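Take a look at the structure set out below.
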Amino acid sequence: MNNAANGILLIDKASEWTSHDVVAKARRALGTRKVGHAGTLDPMATGLLMLGAGPATRLLTHLVGLDKTYTATIRLGVSTVTDDREGDVLDIADAKKIRALEQDPAAIRVAVTALTGPIEQAPSSVSAIKVDGKRAYDLVRAGEQVELKKRPVTVHSFEIEEPKLVAAHGLNGGDIPIVVLDIDVTVRCSSGTYIRALARDLGVALGVGGHLTALRRTEVGPFSVTDAAPNEGLADGSVSTANLLPPAEVASKLFPVLALSDQQEVDLGHGKRLDLDEDQLLSNGSDRAMLAAAIAPSGRLVGLVEVKNGRTRVVTNFPSVEQ
């Protein structure tokens, strides 16, 4: 194995690939077993998956909690077991209610507003959350009834486009089309928010049921899917260690920067506390930060440090990697 892999990899996951599939292929493409992720995506979903390789996996814990942005399509009029298109149908709303709802977009906007901001959300029952030591989705597949506790999340913005009346086929087990209302949405939210649950709760609020038919993650914090490589490149050889973002580049987007001298690089690498010079301010002009990215003169990320009253304390060190 080549131990030179060290960085963050942005991947644009395709539908039907599991996040585990992407990690497994990344290990082969990058030549290292040490690959982790900063939050999975459902197989149905596409979009930004952030992987870490080598020592840079230590950054993943700081990426998991970043805000996320998604584009999605919510289908009103049908509820499913999984709150998305892959689950069995639970209920189908009367076509008259759907047509009436199309003529009352204000009612949809009111329901969307109620799901924006700090809210209490019950995750979808078919999720990876553990209940008594078992994954919720395993319990549901075994036929058990699962109700997960509500948890606080924040929906920073919930933008909707014009609802579209659609004749959907096959939802009732036959060829008779079902009248539904599809809405394309863009959601920016805190980590831990389930977009499937937003679709479910919007449908419940409007009295017609709802689920997701499409989901794409476009942003994680300051990182965008437009800068990501397709996951197929992990299999065809077009994605390699050359695609890794250097740890210093990633950390500099997340934290204030502390520029080190040559001697400070050595001392910090040994875990020593540094007394900063008066003119050695962080990039935000402060001598205090919960976390700062300590960058060597060479541009290497030496560590993440807490800075208090001009003095550092090492939180995480990042060893140099032989290239």
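So you can find residues: chains in the structure tokens are A, B, ... in the order shown, residues in each start at 1, and ligands are numbered from 1 in order.
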
Contacts of range 71-74 of chain A at 9 Å or less, counting only C-alpha atoms, minus same-chain residues fewer than 6 places along, as number ranges by chain? A: 84, 181-188, 195-196, 198-200, 202-203, 210-218

Taking the chain letters and numbering used in this document, name the residues of range 11-65 of chain A that DSSP puts in strand (DSSP E), as a VMD selection string. chain A and resid 11 to 13 35 to 37 46 to 53

Name the residues of range 18-220 of chain A that fall into helix (DSSP H, G or I) according to DSSP on the backbone, using the chain letters and numbers of this document, as a ChimeraX atom specification. /A:19-30,54-64,95-102,105-114,136-141,195-206

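Our summary of the geometry notes that CA of Glu102 in chain A is positioned 7.7 Å from CA of Lys164 in chain A.
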
Mind checking which residues fall within 12 Å of range 104-107 of chain A, counting only C-alpha atoms, ignoring those fewer than 5 positions away in the same chain, and posting them as a PyMOL selection string? chain A and resi 97-99+112-114+160-164+181+183+202-203+205-207

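Taking only C-alpha atoms into account, Gly303 in chain A lies nearest to A:Arg273 out of the set A:Arg273, A:Lys25, A:Lys68, A:Arg151.
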
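Note that CA of Glu232 in chain A and CA of Lys13 in chain A are 8.4 Å apart.
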
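The interatomic distance for the pair CA of Leu148 in chain A and CA of Asp201 in chain A works out to 14.0 Å.
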
Counting only C-alpha atoms, which residues of range 143-209 of chain A fall within 12 Å of range 89-93 of chain A, and what is the closest atom pair for each with its distance in Å at one decimal, ordered by chain and rising number, as a Markdown table?
```
| residue | atom | partner | partner_atom | distance |
| --- | --- | --- | --- | --- |
| A:Ala168 | CA | A:Ile92 | CA | 11.3 |
| A:Gly170 | CA | A:Val89 | CA | 10.4 |
| A:Leu171 | CA | A:Val89 | CA | 7.0 |
| A:Asn172 | CA | A:Val89 | CA | 7.7 |
| A:Gly173 | CA | A:Val89 | CA | 9.2 |
| A:Pro177 | CA | A:Ile92 | CA | 11.5 |
| A:Ile178 | CA | A:Ile92 | CA | 8.2 |
| A:Val179 | CA | A:Ala93 | CA | 8.5 |
| A:Val180 | CA | A:Ala93 | CA | 8.3 |
| A:Leu181 | CA | A:Ala93 | CA | 10.6 |
| A:Arg200 | CA | A:Leu90 | CA | 11.7 |
| A:Gly203 | CA | A:Ala93 | CA | 10.0 |
| A:Val204 | CA | A:Ala93 | CA | 11.0 |
| A:Leu206 | CA | A:Ala93 | CA | 10.7 |
| A:Gly207 | CA | A:Ala93 | CA | 8.3 |
| A:Val208 | CA | A:Ala93 | CA | 5.2 |
| A:Gly209 | CA | A:Ala93 | CA | 7.0 |
```

Please determine, counting only C-alpha atoms, which residue among A:Asp88, A:Glu159, A:Asp267, A:Asp42 has the shortest atom-to-atom distance to Val22 in chain A. A:Asp42

Neighbour list for Leu51 in chain A as a PyMOL selection string, cut-off 10 Å, only C-alpha atoms, skip fewer than 3 positions in-chain: chain A and resi 7-11+19+22-23+26+35-40+48+56-57+59-60+63+244

Nearest candidate to Leu258 in chain A (options A:Lys272, A:Arg300, A:Arg85, A:His62; using only C-alpha atoms): A:Arg300
